[in-house]
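> Just structure.pdb, nothing more (PDB, C-alpha atoms):
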```
ATOM      1  CA  MET A  23      15.916  55.994  59.389
ATOM      2  CA  SER A  24      16.589  52.552  58.112
ATOM      3  CA  GLU A  25      13.997  50.930  55.840
ATOM      4  CA  LYS A  26      12.008  48.079  57.291
ATOM      5  CA  PRO A  27      12.014  44.762  55.439
ATOM      6  CA  SER A  28       8.830  43.916  53.554
ATOM      7  CA  ALA A  29       6.243  42.037  55.548
ATOM      8  CA  ILE A  30       5.791  39.555  52.692
ATOM      9  CA  SER A  31       8.941  38.087  51.260
ATOM     10  CA  GLU A  32       9.386  35.183  48.863
ATOM     11  CA  SER A  33      12.209  32.731  49.173
ATOM     12  CA  PRO A  34      14.363  31.849  46.162
ATOM     13  CA  ALA A  35      13.003  28.270  46.309
ATOM     14  CA  GLN A  36       9.440  29.511  45.886
ATOM     15  CA  ASN A  37      10.411  31.694  42.937
ATOM     16  CA  SER A  38      12.158  28.823  41.196
ATOM     17  CA  GLN A  39       9.146  26.526  41.670
ATOM     18  CA  GLU A  40       6.782  29.104  40.164
ATOM     19  CA  THR A  41       9.096  29.636  37.192
ATOM     20  CA  LEU A  42       9.338  25.887  36.625
ATOM     21  CA  ALA A  43       5.549  25.544  36.770
ATOM     22  CA  VAL A  44       5.157  28.234  34.127
ATOM     23  CA  GLN A  45       7.774  26.780  31.813
ATOM     24  CA  THR A  46       6.725  23.117  32.065
ATOM     25  CA  PRO A  47       4.156  22.222  29.345
ATOM     26  CA  SER A  48       1.033  20.288  30.278
ATOM     27  CA  SER A  49       1.412  16.563  29.740
ATOM     28  CA  GLY A  50      -2.316  15.965  29.024
ATOM     29  CA  PRO A  51      -4.170  16.697  25.744
ATOM     30  CA  SER A  52      -5.131  20.295  25.205
ATOM     31  CA  SER A  53      -8.738  21.431  25.139
ATOM     32  CA  LYS A  54      -8.370  22.044  21.417
ATOM     33  CA  ASP A  55      -7.298  18.437  20.815
ATOM     34  CA  GLN A  56     -10.104  17.145  23.000
ATOM     35  CA  SER A  57     -12.594  19.266  21.092
ATOM     36  CA  PHE A  58     -11.393  17.897  17.742
ATOM     37  CA  ILE A  59     -11.578  14.294  18.976
ATOM     38  CA  SER A  60     -15.054  14.906  20.364
ATOM     39  CA  ARG A  61     -16.297  16.392  17.091
ATOM     40  CA  ALA A  62     -14.735  13.564  15.079
ATOM     41  CA  TRP A  63     -16.360  10.944  17.298
ATOM     42  CA  ARG A  64     -19.764  12.620  17.044
ATOM     43  CA  HIS A  65     -19.284  12.736  13.267
ATOM     44  CA  MET A  66     -18.671   8.979  13.154
ATOM     45  CA  LEU A  67     -21.750   8.272  15.264
ATOM     46  CA  GLU A  68     -24.083  10.241  12.984
ATOM     47  CA  ASP A  69     -26.550   8.523  10.654
ATOM     48  CA  VAL A  70     -25.704   8.998   6.985
ATOM     49  CA  ARG A  71     -28.488  10.730   5.087
ATOM     50  CA  PRO A  72     -29.690   9.099   1.830
ATOM     51  CA  SER A  73     -28.716  11.533  -0.919
ATOM     52  CA  GLY A  74     -27.357  11.831  -4.425
ATOM     53  CA  PHE A  75     -23.887  11.196  -3.035
ATOM     54  CA  VAL A  76     -25.101   7.884  -1.587
ATOM     55  CA  GLU A  77     -26.558   7.005  -4.992
ATOM     56  CA  PHE A  78     -23.131   7.533  -6.544
ATOM     57  CA  GLU A  79     -21.512   5.328  -3.883
ATOM     58  CA  LEU A  80     -24.004   2.512  -4.496
ATOM     59  CA  ILE A  81     -23.486   2.789  -8.252
ATOM     60  CA  LEU A  82     -19.731   2.482  -7.722
ATOM     61  CA  LEU A  83     -20.262  -0.624  -5.577
ATOM     62  CA  THR A  84     -22.460  -2.045  -8.343
ATOM     63  CA  PHE A  85     -19.639  -1.455 -10.807
ATOM     64  CA  CYS A  86     -17.288  -3.416  -8.522
ATOM     65  CA  THR A  87     -19.843  -6.230  -8.282
ATOM     66  CA  GLY A  88     -19.942  -6.502 -12.077
ATOM     67  CA  ILE A  89     -16.155  -6.937 -12.124
ATOM     68  CA  GLN A  90     -16.334  -9.751  -9.557
ATOM     69  CA  ASP A  91     -19.079 -11.733 -11.274
ATOM     70  CA  ALA A  92     -17.343 -11.345 -14.627
ATOM     71  CA  ILE A  93     -14.447 -13.454 -13.325
ATOM     72  CA  SER A  94     -16.225 -15.720 -10.828
ATOM     73  CA  PHE A  95     -18.327 -17.581 -13.384
ATOM     74  CA  PRO A  96     -15.609 -18.391 -15.958
ATOM     75  CA  ASP A  97     -13.164 -19.345 -13.178
ATOM     76  CA  TYR A  98     -15.383 -21.166 -10.687
ATOM     77  CA  HIS A  99     -18.603 -21.827 -12.630
ATOM     78  CA  CYS A 100     -20.743 -19.951 -10.112
ATOM     79  CA  PHE A 101     -21.701 -16.382  -9.268
ATOM     80  CA  ALA A 102     -20.247 -14.544  -6.306
ATOM     81  CA  SER A 103     -23.161 -12.092  -6.088
ATOM     82  CA  ASN A 104     -26.064 -13.285  -8.245
ATOM     83  CA  GLN A 105     -27.749 -15.972  -6.168
ATOM     84  CA  THR A 106     -30.666 -16.720  -8.503
ATOM     85  CA  GLY A 107     -28.465 -18.771 -10.794
ATOM     86  CA  ASN A 108     -26.642 -20.349  -7.842
ATOM     87  CA  THR A 109     -29.912 -21.484  -6.267
ATOM     88  CA  VAL A 110     -30.990 -23.209  -9.484
ATOM     89  CA  PHE A 111     -27.551 -24.776 -10.040
ATOM     90  CA  LEU A 112     -27.386 -26.060  -6.467
ATOM     91  CA  PHE A 113     -30.676 -27.941  -6.516
ATOM     92  CA  VAL A 114     -30.190 -29.202 -10.067
ATOM     93  CA  GLY A 115     -26.814 -30.578  -8.973
ATOM     94  CA  LEU A 116     -28.326 -32.235  -5.907
ATOM     95  CA  VAL A 117     -31.067 -33.945  -7.924
ATOM     96  CA  LEU A 118     -28.888 -34.689 -10.968
ATOM     97  CA  PRO A 119     -25.415 -35.226  -9.475
ATOM     98  CA  TRP A 120     -23.921 -36.435 -12.762
ATOM     99  CA  LEU A 121     -24.218 -32.860 -14.043
ATOM    100  CA  ASP A 122     -21.749 -31.650 -11.411
ATOM    101  CA  GLY A 123     -18.745 -30.341 -13.337
ATOM    102  CA  ASP A 124     -20.719 -29.941 -16.539
ATOM    103  CA  GLY A 125     -21.280 -26.193 -16.543
ATOM    104  CA  PHE A 126     -21.166 -25.693 -12.771
ATOM    105  CA  TYR A 127     -19.447 -27.053  -9.656
ATOM    106  CA  VAL A 128     -21.787 -27.899  -6.778
ATOM    107  CA  PRO A 129     -19.247 -27.224  -3.951
ATOM    108  CA  ASN A 130     -18.489 -23.775  -5.366
ATOM    109  CA  VAL A 131     -22.165 -23.010  -5.890
ATOM    110  CA  GLY A 132     -22.993 -24.147  -2.360
ATOM    111  CA  ALA A 133     -20.171 -22.056  -0.905
ATOM    112  CA  ALA A 134     -21.282 -18.981  -2.849
ATOM    113  CA  LEU A 135     -24.909 -19.244  -1.744
ATOM    114  CA  GLY A 136     -24.079 -20.186   1.840
ATOM    115  CA  PHE A 137     -21.501 -17.478   2.458
ATOM    116  CA  PHE A 138     -23.664 -14.877   0.724
ATOM    117  CA  LEU A 139     -26.493 -15.654   3.119
ATOM    118  CA  LEU A 140     -24.103 -15.715   6.072
ATOM    119  CA  GLY A 141     -22.684 -12.309   5.164
ATOM    120  CA  GLY A 142     -26.148 -10.872   4.720
ATOM    121  CA  TRP A 143     -27.403 -12.354   7.983
ATOM    122  CA  ALA A 144     -24.438 -11.116  10.018
ATOM    123  CA  THR A 145     -24.592  -7.610   8.544
ATOM    124  CA  GLY A 146     -28.352  -7.337   8.943
ATOM    125  CA  GLN A 147     -28.446  -8.520  12.537
ATOM    126  CA  ILE A 148     -25.569  -6.308  13.642
ATOM    127  CA  SER A 149     -27.171  -3.369  11.843
ATOM    128  CA  HIS A 150     -30.308  -3.790  13.937
ATOM    129  CA  VAL A 151     -28.208  -3.327  17.074
ATOM    130  CA  VAL A 152     -25.747  -0.572  16.135
ATOM    131  CA  GLY A 153     -27.839   1.337  13.590
ATOM    132  CA  ALA A 154     -27.926   0.487   9.903
ATOM    133  CA  ARG A 155     -26.840   3.935   8.670
ATOM    134  CA  MET A 156     -24.429   4.939  11.405
ATOM    135  CA  ARG A 157     -21.299   6.276   9.724
ATOM    136  CA  LEU A 158     -18.889   4.281  11.900
ATOM    137  CA  TRP A 159     -20.713   1.056  11.082
ATOM    138  CA  LEU A 160     -20.807   1.805   7.345
ATOM    139  CA  VAL A 161     -17.083   2.560   7.271
ATOM    140  CA  CYS A 162     -16.111  -0.506   9.312
ATOM    141  CA  CYS A 163     -18.426  -2.833   7.398
ATOM    142  CA  ASN A 164     -17.185  -1.664   3.994
ATOM    143  CA  LEU A 165     -13.603  -1.885   5.179
ATOM    144  CA  ILE A 166     -14.131  -5.510   6.220
ATOM    145  CA  GLN A 167     -15.717  -6.264   2.851
ATOM    146  CA  SER A 168     -12.741  -4.687   1.077
ATOM    147  CA  VAL A 169     -10.284  -6.743   3.123
ATOM    148  CA  LEU A 170     -12.143  -9.961   2.251
ATOM    149  CA  VAL A 171     -11.985  -9.156  -1.466
ATOM    150  CA  PHE A 172      -8.277  -8.286  -1.189
ATOM    151  CA  VAL A 173      -7.646 -11.652   0.502
ATOM    152  CA  ALA A 174      -9.514 -13.438  -2.300
ATOM    153  CA  ALA A 175      -7.336 -11.660  -4.877
ATOM    154  CA  ALA A 176      -4.196 -12.556  -2.914
ATOM    155  CA  LEU A 177      -5.204 -16.235  -2.888
ATOM    156  CA  GLN A 178      -5.671 -16.150  -6.644
ATOM    157  CA  LEU A 179      -2.311 -14.475  -7.060
ATOM    158  CA  ALA A 180      -0.561 -16.982  -4.785
ATOM    159  CA  TYR A 181      -2.167 -20.219  -5.963
ATOM    160  CA  GLY A 182      -3.451 -19.332  -9.407
ATOM    161  CA  VAL A 183      -6.977 -20.049 -10.582
ATOM    162  CA  VAL A 184      -7.939 -23.520  -9.393
ATOM    163  CA  PRO A 185     -11.537 -24.248 -10.488
ATOM    164  CA  GLN A 186     -12.218 -26.817  -7.769
ATOM    165  CA  GLY A 187     -10.918 -27.665  -4.326
ATOM    166  CA  GLY A 188     -10.271 -25.881  -1.074
ATOM    167  CA  VAL A 189      -8.715 -22.742  -2.549
ATOM    168  CA  ALA A 190     -11.607 -22.318  -4.965
ATOM    169  CA  VAL A 191     -14.149 -22.641  -2.154
ATOM    170  CA  MET A 192     -12.236 -20.093  -0.050
ATOM    171  CA  VAL A 193     -12.046 -17.550  -2.870
ATOM    172  CA  VAL A 194     -15.725 -17.962  -3.739
ATOM    173  CA  GLY A 195     -16.714 -17.853  -0.071
ATOM    174  CA  LEU A 196     -14.787 -14.618   0.583
ATOM    175  CA  LEU A 197     -16.282 -12.875  -2.446
ATOM    176  CA  ALA A 198     -19.800 -14.113  -1.685
ATOM    177  CA  PHE A 199     -19.651 -13.101   2.002
ATOM    178  CA  ALA A 200     -18.545  -9.594   1.011
ATOM    179  CA  SER A 201     -21.306  -9.398  -1.602
ATOM    180  CA  GLY A 202     -24.015 -10.524   0.818
ATOM    181  CA  SER A 203     -22.905  -7.945   3.342
ATOM    182  CA  GLN A 204     -22.848  -5.262   0.650
ATOM    183  CA  VAL A 205     -26.357  -6.011  -0.630
ATOM    184  CA  VAL A 206     -27.893  -5.968   2.845
ATOM    185  CA  GLN A 207     -26.111  -2.732   3.710
ATOM    186  CA  SER A 208     -27.308  -1.045   0.519
ATOM    187  CA  ARG A 209     -30.923  -1.668   1.520
ATOM    188  CA  SER A 210     -30.454   0.458   4.632
ATOM    189  CA  MET A 211     -30.021   3.503   2.379
ATOM    190  CA  LYS A 212     -33.699   3.342   1.327
ATOM    191  CA  MET A 213     -32.763   3.024  -2.350
ATOM    192  CA  THR A 214     -34.112  -0.397  -3.267
ATOM    193  CA  GLU A 215     -33.725   0.435  -6.962
ATOM    194  CA  ILE A 216     -29.943   0.018  -6.515
ATOM    195  CA  SER A 217     -29.404  -3.411  -4.972
ATOM    196  CA  THR A 218     -25.707  -3.396  -6.101
ATOM    197  CA  ALA A 219     -26.045  -7.002  -7.305
ATOM    198  CA  MET A 220     -29.328  -8.513  -8.539
ATOM    199  CA  ALA A 221     -30.553  -7.239 -11.896
ATOM    200  CA  THR A 222     -33.777  -9.213 -12.445
ATOM    201  CA  ALA A 223     -35.999  -7.057 -10.241
ATOM    202  CA  ALA A 224     -34.472  -3.886 -11.686
ATOM    203  CA  TRP A 225     -35.223  -4.992 -15.260
ATOM    204  CA  VAL A 226     -38.811  -5.917 -14.415
ATOM    205  CA  ASP A 227     -39.509  -2.763 -12.401
ATOM    206  CA  LEU A 228     -38.019  -0.682 -15.200
ATOM    207  CA  ILE A 229     -40.144  -2.064 -18.017
ATOM    208  CA  ILE A 230     -43.430  -1.959 -16.043
ATOM    209  CA  ASP A 231     -42.882   1.570 -14.719
ATOM    210  CA  PRO A 232     -45.914   3.626 -15.865
ATOM    211  CA  LYS A 233     -43.790   6.783 -15.767
ATOM    212  CA  ILE A 234     -40.858   5.320 -17.643
ATOM    213  CA  PHE A 235     -40.790   8.090 -20.265
ATOM    214  CA  GLN A 236     -41.295  11.004 -17.892
ATOM    215  CA  ALA A 237     -38.349  13.352 -17.497
ATOM    216  CA  GLN A 238     -38.611  13.584 -13.704
ATOM    217  CA  ASN A 239     -38.575   9.985 -12.497
ATOM    218  CA  ARG A 240     -35.906   9.317  -9.881
ATOM    219  CA  PRO A 241     -36.645   5.579  -9.326
ATOM    220  CA  ARG A 242     -36.459   4.952 -13.105
ATOM    221  CA  THR A 243     -33.164   6.843 -13.317
ATOM    222  CA  ARG A 244     -31.693   4.886 -10.425
ATOM    223  CA  ARG A 245     -32.597   1.563 -12.056
ATOM    224  CA  VAL A 246     -31.088   2.620 -15.382
ATOM    225  CA  LEU A 247     -27.850   3.779 -13.710
ATOM    226  CA  PHE A 248     -27.701   0.561 -11.703
ATOM    227  CA  LEU A 249     -28.066  -1.638 -14.784
ATOM    228  CA  LEU A 250     -25.544   0.419 -16.754
ATOM    229  CA  ALA A 251     -23.023   0.223 -13.902
ATOM    230  CA  LEU A 252     -23.461  -3.541 -13.600
ATOM    231  CA  ALA A 253     -23.015  -3.979 -17.346
ATOM    232  CA  ALA A 254     -19.995  -1.649 -17.456
ATOM    233  CA  GLY A 255     -18.361  -3.454 -14.543
ATOM    234  CA  SER A 256     -18.940  -6.804 -16.225
ATOM    235  CA  LEU A 257     -17.411  -5.541 -19.474
ATOM    236  CA  LEU A 258     -14.377  -4.137 -17.675
ATOM    237  CA  GLY A 259     -14.005  -7.296 -15.614
ATOM    238  CA  ALA A 260     -14.130  -9.471 -18.715
ATOM    239  CA  GLY A 261     -11.551  -7.268 -20.446
ATOM    240  CA  ILE A 262      -9.173  -7.378 -17.474
ATOM    241  CA  TYR A 263      -9.750 -11.138 -17.152
ATOM    242  CA  ARG A 264      -8.731 -11.589 -20.764
ATOM    243  CA  ILE A 265      -5.668  -9.327 -20.638
ATOM    244  CA  ALA A 266      -4.276  -9.530 -17.089
ATOM    245  CA  GLY A 267      -6.099 -12.365 -15.327
ATOM    246  CA  SER A 268      -8.578 -12.784 -12.509
ATOM    247  CA  ALA A 269      -6.426 -11.592  -9.629
ATOM    248  CA  VAL A 270      -5.917  -8.147 -11.165
ATOM    249  CA  ALA A 271      -9.650  -7.759 -11.741
ATOM    250  CA  VAL A 272     -10.454  -8.699  -8.148
ATOM    251  CA  PHE A 273      -7.772  -6.306  -6.846
ATOM    252  CA  ILE A 274      -9.372  -3.468  -8.835
ATOM    253  CA  SER A 275     -12.793  -4.378  -7.452
ATOM    254  CA  ALA A 276     -11.403  -4.307  -3.901
ATOM    255  CA  ALA A 277      -9.763  -0.930  -4.546
ATOM    256  CA  GLY A 278     -13.117   0.442  -5.680
ATOM    257  CA  LYS A 279     -14.705  -0.718  -2.427
ATOM    258  CA  VAL A 280     -11.956   1.037  -0.468
ATOM    259  CA  VAL A 281     -12.773   4.261  -2.316
ATOM    260  CA  VAL A 282     -16.406   3.950  -1.228
ATOM    261  CA  THR A 283     -15.275   3.270   2.338
ATOM    262  CA  ILE A 284     -13.380   6.569   2.372
ATOM    263  CA  MET A 285     -16.274   8.392   0.715
ATOM    264  CA  TYR A 286     -18.594   7.419   3.582
ATOM    265  CA  LEU A 287     -16.553   9.750   5.792
ATOM    266  CA  PHE A 288     -17.827  12.735   3.799
ATOM    267  CA  ASN A 289     -21.542  11.942   3.489
ATOM    268  CA  SER A 290     -23.979  14.444   4.929
ATOM    269  CA  ALA A 291     -25.750  13.359   8.101
ATOM    270  CA  ASP A 292     -29.380  13.144   9.105
ATOM    271  CA  LYS A 293     -30.560  16.032  11.255
ATOM    272  CA  PRO A 294     -30.907  14.933  14.896
ATOM    273  CA  ARG A 295     -34.458  14.325  15.976
ATOM    274  CA  LYS A 296     -35.975  16.885  18.320
ATOM    275  CA  THR A 297     -36.939  15.583  21.711
ATOM    276  CA  ASP A 298     -39.878  16.789  23.798
ATOM    277  CA  ALA A 299     -37.507  18.861  25.939
ATOM    278  CA  ASP A 300     -36.116  20.568  22.823
ATOM    279  CA  SER A 301     -39.575  21.415  21.525
ATOM    280  CA  GLN A 302     -40.545  23.011  24.812
ATOM    281  CA  CYS A 303     -37.533  25.319  24.847
TER     282      CYS A 303
END
```
Mind turning this structure into structure tokens?

Amino acid sequence: MSEKPSAISESPAQNSQETLAVQTPSSGPSSKDQSFISRAWRHMLEDVRPSGFVEFELILLTFCTGIQDAISFPDYHCFASNQTGNTVFLFVGLVLPWLDGDGFYVPNVGAALGFFLLGGWATGQISHVVGARMRLWLVCCNLIQSVLVFVAAALQLAYGVVPQGGVAVMVVGLLAFASGSQVVQSRSMKMTEISTAMATAAWVDLIIDPKIFQAQNRPRTRRVLFLLALAAGSLLGAGIYRIAGSAVAVFISAAGKVVVTIMYLFNSADKPRKTDADSQC
């Protein structure tokens, strides 16, 4: 008896199509890649938790601030970050205009104060919308600040130190805007003892602290570290200013801010709040 052909037969064309489908890799992202991207995005949207690591980051930013102010006053006769002195200089110069140029320059002082306030206002208002401690916002904001300081250093390198005029106002304005943004952002970390710029309140709060000599006193320790970092940054800035010039000092300050920007990627996050649905489970 002859064998009957199989009831189900596959044509060569069908076999070739199935083989091609098996051998052709998928053009879209794999589930593993999508999972990594999803985790990374969730990581960037987390709120950074105030911690000892954040304290170290704020101290490093304070150190960078000291470097900036150490060169801004001898070069431009104003402060990029310390607005107490700028406020006094500005109104003294407006009432006694003949003192302009004798110890301070009113246009530079006005630019420093104005751009500091503008940077603080912009950062604060945006923080209210996006979340003051959201990791993505902290990274982007610090990156923008770093870029502004790098641009200020590049202007100094390209045009030299010009005490007055348009270039001076631009350099002072860039540094002051970055400083204002930095100070406002530091307040979101709930560590008011480390403002990263203004020392007056820290000195006063330190000397009136009733627990100043107690071993366990975190606010006192933060104020001391803040003041030491500001002083150390000022000393380093003055030394670099004397040896290598202003532009090098500002470049180093910007590099320090970039380091903090990268460090924000590794901060621990706040635990997500439990909703009513979660508590009922």
> Pick out the residues sitting within 9 Å of segment 165-170 of chain A, and hand them over as a PyMOL selection string; count all atoms listed in the file, and ignore anything fewer than 6 positions along from it in its own chain.
chain A and resi 196-197+199-201+203-204+275-280+283-284
> Just want the 12 Å neighbourhood of Tyr181 of chain A, counted on all atoms listed in the file, with same-chain residues fewer than 6 positions away dropped. Output as a PyMOL selection string.
chain A and resi 174-175+187-190+192-193+268-269
> Residues near Phe75 of chain A, anyone? I mean within 10 Å using all atoms listed in the file, not counting same-chain ones fewer than 5 positions away, as a ChimeraX atom specification.
/A:80-81,285-286,288-290
> Which of these, A:His150, A:Ala144, A:Ala134, A:Phe248, has the shortest distance to Thr218 of chain A once you count all atoms listed in the file?
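Of all the options, A:Phe248 lies closest to Thr218 of chain A.
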> Evaluate the PyMOL selection byres ((chain A and resi 149) around 12) and record the selected residues as a list in words, following the chain and residue labels used in the document.
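Taken over the shown coordinates, the PyMOL selection byres ((chain A and resi 149) around 12) returns Asp69, Gly142, Trp143, Ala144, Thr145, Gly146, Gln147, Ile148, His150, Val151, Val152, Gly153, Ala154, Arg155, Met156, Arg157, Leu158, Trp159, Leu160, Cys162, Cys163, Ser203, Val206, Gln207, Ser208, Arg209 and Ser210 of chain A.
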> Using C-alpha atoms, can you write the selected residues to a file as a tab-separated table (two decimals), keeping the file's coordinate frame?

```tsv
chain	number	residue	atom	x	y	z
A	69	ASP	CA	-26.55	8.52	10.65
A	142	GLY	CA	-26.15	-10.87	4.72
A	143	TRP	CA	-27.40	-12.35	7.98
A	144	ALA	CA	-24.44	-11.12	10.02
A	145	THR	CA	-24.59	-7.61	8.54
A	146	GLY	CA	-28.35	-7.34	8.94
A	147	GLN	CA	-28.45	-8.52	12.54
A	148	ILE	CA	-25.57	-6.31	13.64
A	150	HIS	CA	-30.31	-3.79	13.94
A	151	VAL	CA	-28.21	-3.33	17.07
A	152	VAL	CA	-25.75	-0.57	16.14
A	153	GLY	CA	-27.84	1.34	13.59
A	154	ALA	CA	-27.93	0.49	9.90
A	155	ARG	CA	-26.84	3.94	8.67
A	156	MET	CA	-24.43	4.94	11.40
A	157	ARG	CA	-21.30	6.28	9.72
A	158	LEU	CA	-18.89	4.28	11.90
A	159	TRP	CA	-20.71	1.06	11.08
A	160	LEU	CA	-20.81	1.80	7.34
A	162	CYS	CA	-16.11	-0.51	9.31
A	163	CYS	CA	-18.43	-2.83	7.40
A	203	SER	CA	-22.90	-7.94	3.34
A	206	VAL	CA	-27.89	-5.97	2.84
A	207	GLN	CA	-26.11	-2.73	3.71
A	208	SER	CA	-27.31	-1.04	0.52
A	209	ARG	CA	-30.92	-1.67	1.52
A	210	SER	CA	-30.45	0.46	4.63
```
> Selected by the PyMOL selection byres ((chain A and resi 90) around 12) in the shown coordinates: which residues, as a short mmCIF file (atom, residue, chain, number, x, y, z; two decimals) with C-alpha atoms, keeping the file's coordinate frame?

```cif
data_model
loop_
_atom_site.label_atom_id
_atom_site.label_comp_id
_atom_site.auth_asym_id
_atom_site.auth_seq_id
_atom_site.Cartn_x
_atom_site.Cartn_y
_atom_site.Cartn_z
CA LEU A 83 -20.26 -0.62 -5.58
CA THR A 84 -22.46 -2.04 -8.34
CA PHE A 85 -19.64 -1.46 -10.81
CA CYS A 86 -17.29 -3.42 -8.52
CA THR A 87 -19.84 -6.23 -8.28
CA GLY A 88 -19.94 -6.50 -12.08
CA ILE A 89 -16.16 -6.94 -12.12
CA ASP A 91 -19.08 -11.73 -11.27
CA ALA A 92 -17.34 -11.34 -14.63
CA ILE A 93 -14.45 -13.45 -13.32
CA SER A 94 -16.23 -15.72 -10.83
CA PHE A 95 -18.33 -17.58 -13.38
CA PRO A 96 -15.61 -18.39 -15.96
CA ASP A 97 -13.16 -19.34 -13.18
CA TYR A 98 -15.38 -21.17 -10.69
CA CYS A 100 -20.74 -19.95 -10.11
CA PHE A 101 -21.70 -16.38 -9.27
CA ALA A 102 -20.25 -14.54 -6.31
CA SER A 103 -23.16 -12.09 -6.09
CA ASN A 104 -26.06 -13.28 -8.24
CA VAL A 171 -11.98 -9.16 -1.47
CA PHE A 172 -8.28 -8.29 -1.19
CA ALA A 174 -9.51 -13.44 -2.30
CA ALA A 175 -7.34 -11.66 -4.88
CA VAL A 193 -12.05 -17.55 -2.87
CA VAL A 194 -15.72 -17.96 -3.74
CA LEU A 196 -14.79 -14.62 0.58
CA LEU A 197 -16.28 -12.88 -2.45
CA ALA A 198 -19.80 -14.11 -1.68
CA ALA A 200 -18.55 -9.59 1.01
CA SER A 201 -21.31 -9.40 -1.60
CA THR A 218 -25.71 -3.40 -6.10
CA ALA A 219 -26.04 -7.00 -7.30
CA LEU A 252 -23.46 -3.54 -13.60
CA ALA A 253 -23.02 -3.98 -17.35
CA ALA A 254 -20.00 -1.65 -17.46
CA GLY A 255 -18.36 -3.45 -14.54
CA SER A 256 -18.94 -6.80 -16.23
CA LEU A 257 -17.41 -5.54 -19.47
CA LEU A 258 -14.38 -4.14 -17.68
CA GLY A 259 -14.00 -7.30 -15.61
CA ALA A 260 -14.13 -9.47 -18.72
CA ILE A 262 -9.17 -7.38 -17.47
CA TYR A 263 -9.75 -11.14 -17.15
CA SER A 268 -8.58 -12.78 -12.51
CA ALA A 269 -6.43 -11.59 -9.63
CA VAL A 270 -5.92 -8.15 -11.16
CA ALA A 271 -9.65 -7.76 -11.74
CA VAL A 272 -10.45 -8.70 -8.15
CA PHE A 273 -7.77 -6.31 -6.85
CA ILE A 274 -9.37 -3.47 -8.84
CA SER A 275 -12.79 -4.38 -7.45
CA ALA A 276 -11.40 -4.31 -3.90
CA GLY A 278 -13.12 0.44 -5.68
CA LYS A 279 -14.70 -0.72 -2.43
#
```
> Can you spell out as a compact mmCIF listing (two decimals) with C-alpha atoms, in the coordinates of the input the set of residues that the PyMOL selection byres ((chain A and resi 105-113) around 9) selects in the structure I just provided?

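The result, stored in part19.txt:
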```
# COMPACT_ATOMS: atom_id res chain seq x y z
CA CYS A 100 -20.74 -19.95 -10.11
CA PHE A 101 -21.70 -16.38 -9.27
CA ALA A 102 -20.25 -14.54 -6.31
CA SER A 103 -23.16 -12.09 -6.09
CA ASN A 104 -26.06 -13.28 -8.24
CA VAL A 114 -30.19 -29.20 -10.07
CA GLY A 115 -26.81 -30.58 -8.97
CA LEU A 116 -28.33 -32.24 -5.91
CA VAL A 117 -31.07 -33.94 -7.92
CA LEU A 118 -28.89 -34.69 -10.97
CA PHE A 126 -21.17 -25.69 -12.77
CA TYR A 127 -19.45 -27.05 -9.66
CA VAL A 128 -21.79 -27.90 -6.78
CA PRO A 129 -19.25 -27.22 -3.95
CA VAL A 131 -22.16 -23.01 -5.89
CA GLY A 132 -22.99 -24.15 -2.36
CA ALA A 134 -21.28 -18.98 -2.85
CA LEU A 135 -24.91 -19.24 -1.74
CA PHE A 138 -23.66 -14.88 0.72
CA MET A 220 -29.33 -8.51 -8.54
```
> Counting only C-alpha atoms, which of A:Leu228, A:Ser217, A:Gln56, A:Thr243 gets nearest to Val205 of chain A?
A:Ser217
> Quick one, how far is atom CA of Thr214 of chain A from atom CA of Val76 of chain A?
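Separating atom CA of Thr214 of chain A from atom CA of Val76 of chain A is a distance of 12.4 Å.
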> Report the distance between atom CA of Leu177 of chain A and atom CA of Ala221 of chain A in Å, rounded to one decimal place.
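So the two atoms, atom CA of Leu177 of chain A and atom CA of Ala221 of chain A, lie 28.4 Å apart.
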> Let me have the centre and edge lengths of the axis-aligned box enclosing all listed atoms of segment 245-249 of chain A with 8 Å padding on every side, in Å to one decimal, as JSON.

```
{"center_x": -30.1, "center_y": 1.1, "center_z": -13.5, "size_x": 20.9, "size_y": 21.4, "size_z": 19.7}
```
> Quick one: everything within 9 Å of Asp292 of chain A, counting all atoms listed in the file, minus sequence neighbours fewer than 4 positions away in the same chain. Send it as a list in words.
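Surrounding residues, per the criterion: Glu68, Asp69, Val70, Arg71 and Pro72 of chain A.
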> Please measure the separation of atom CA of Ala266 of chain A and atom CA of Asp122 of chain A, giving the value in Å to one decimal.
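Pair atom CA of Ala266 of chain A / atom CA of Asp122 of chain A returns 28.8 Å.
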> Let me make sure I understand: among A:Val161, A:Pro119, A:Glu77, A:Trp63, which one has the smallest atom-to-atom distance to Leu287 of chain A if we use all atoms listed in the file?
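Of all the options, A:Val161 lies closest to Leu287 of chain A.
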> Looking at all atoms listed in the file, which of A:Ile230, A:Ala251, A:Arg240, A:Gly267 is the one that sits closest to Leu179 of chain A?
A:Gly267
> Once N, CA and C atoms are restored for segment 187-191 of chain A, what would the output be as a PDB file, in the coordinates of the input?

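Written file, result.pdb:
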```pdb
ATOM      1  N   GLY A 187     -11.772 -27.395  -5.471  1.00  0.00           N
ATOM      2  CA  GLY A 187     -10.918 -27.665  -4.326  1.00  0.00           C
ATOM      3  C   GLY A 187     -11.044 -26.604  -3.241  1.00  0.00           C
ATOM      4  N   GLY A 188     -10.198 -26.759  -2.231  1.00  0.00           N
ATOM      5  CA  GLY A 188     -10.271 -25.881  -1.074  1.00  0.00           C
ATOM      6  C   GLY A 188     -10.017 -24.421  -1.379  1.00  0.00           C
ATOM      7  N   VAL A 189      -9.020 -24.137  -2.224  1.00  0.00           N
ATOM      8  CA  VAL A 189      -8.715 -22.742  -2.549  1.00  0.00           C
ATOM      9  C   VAL A 189      -9.878 -22.104  -3.297  1.00  0.00           C
ATOM     10  N   ALA A 190     -10.463 -22.845  -4.213  1.00  0.00           N
ATOM     11  CA  ALA A 190     -11.607 -22.318  -4.965  1.00  0.00           C
ATOM     12  C   ALA A 190     -12.771 -21.990  -4.033  1.00  0.00           C
ATOM     13  N   VAL A 191     -13.056 -22.878  -3.096  1.00  0.00           N
ATOM     14  CA  VAL A 191     -14.149 -22.641  -2.154  1.00  0.00           C
ATOM     15  C   VAL A 191     -13.852 -21.421  -1.287  1.00  0.00           C
TER      16      VAL A 191
END
```
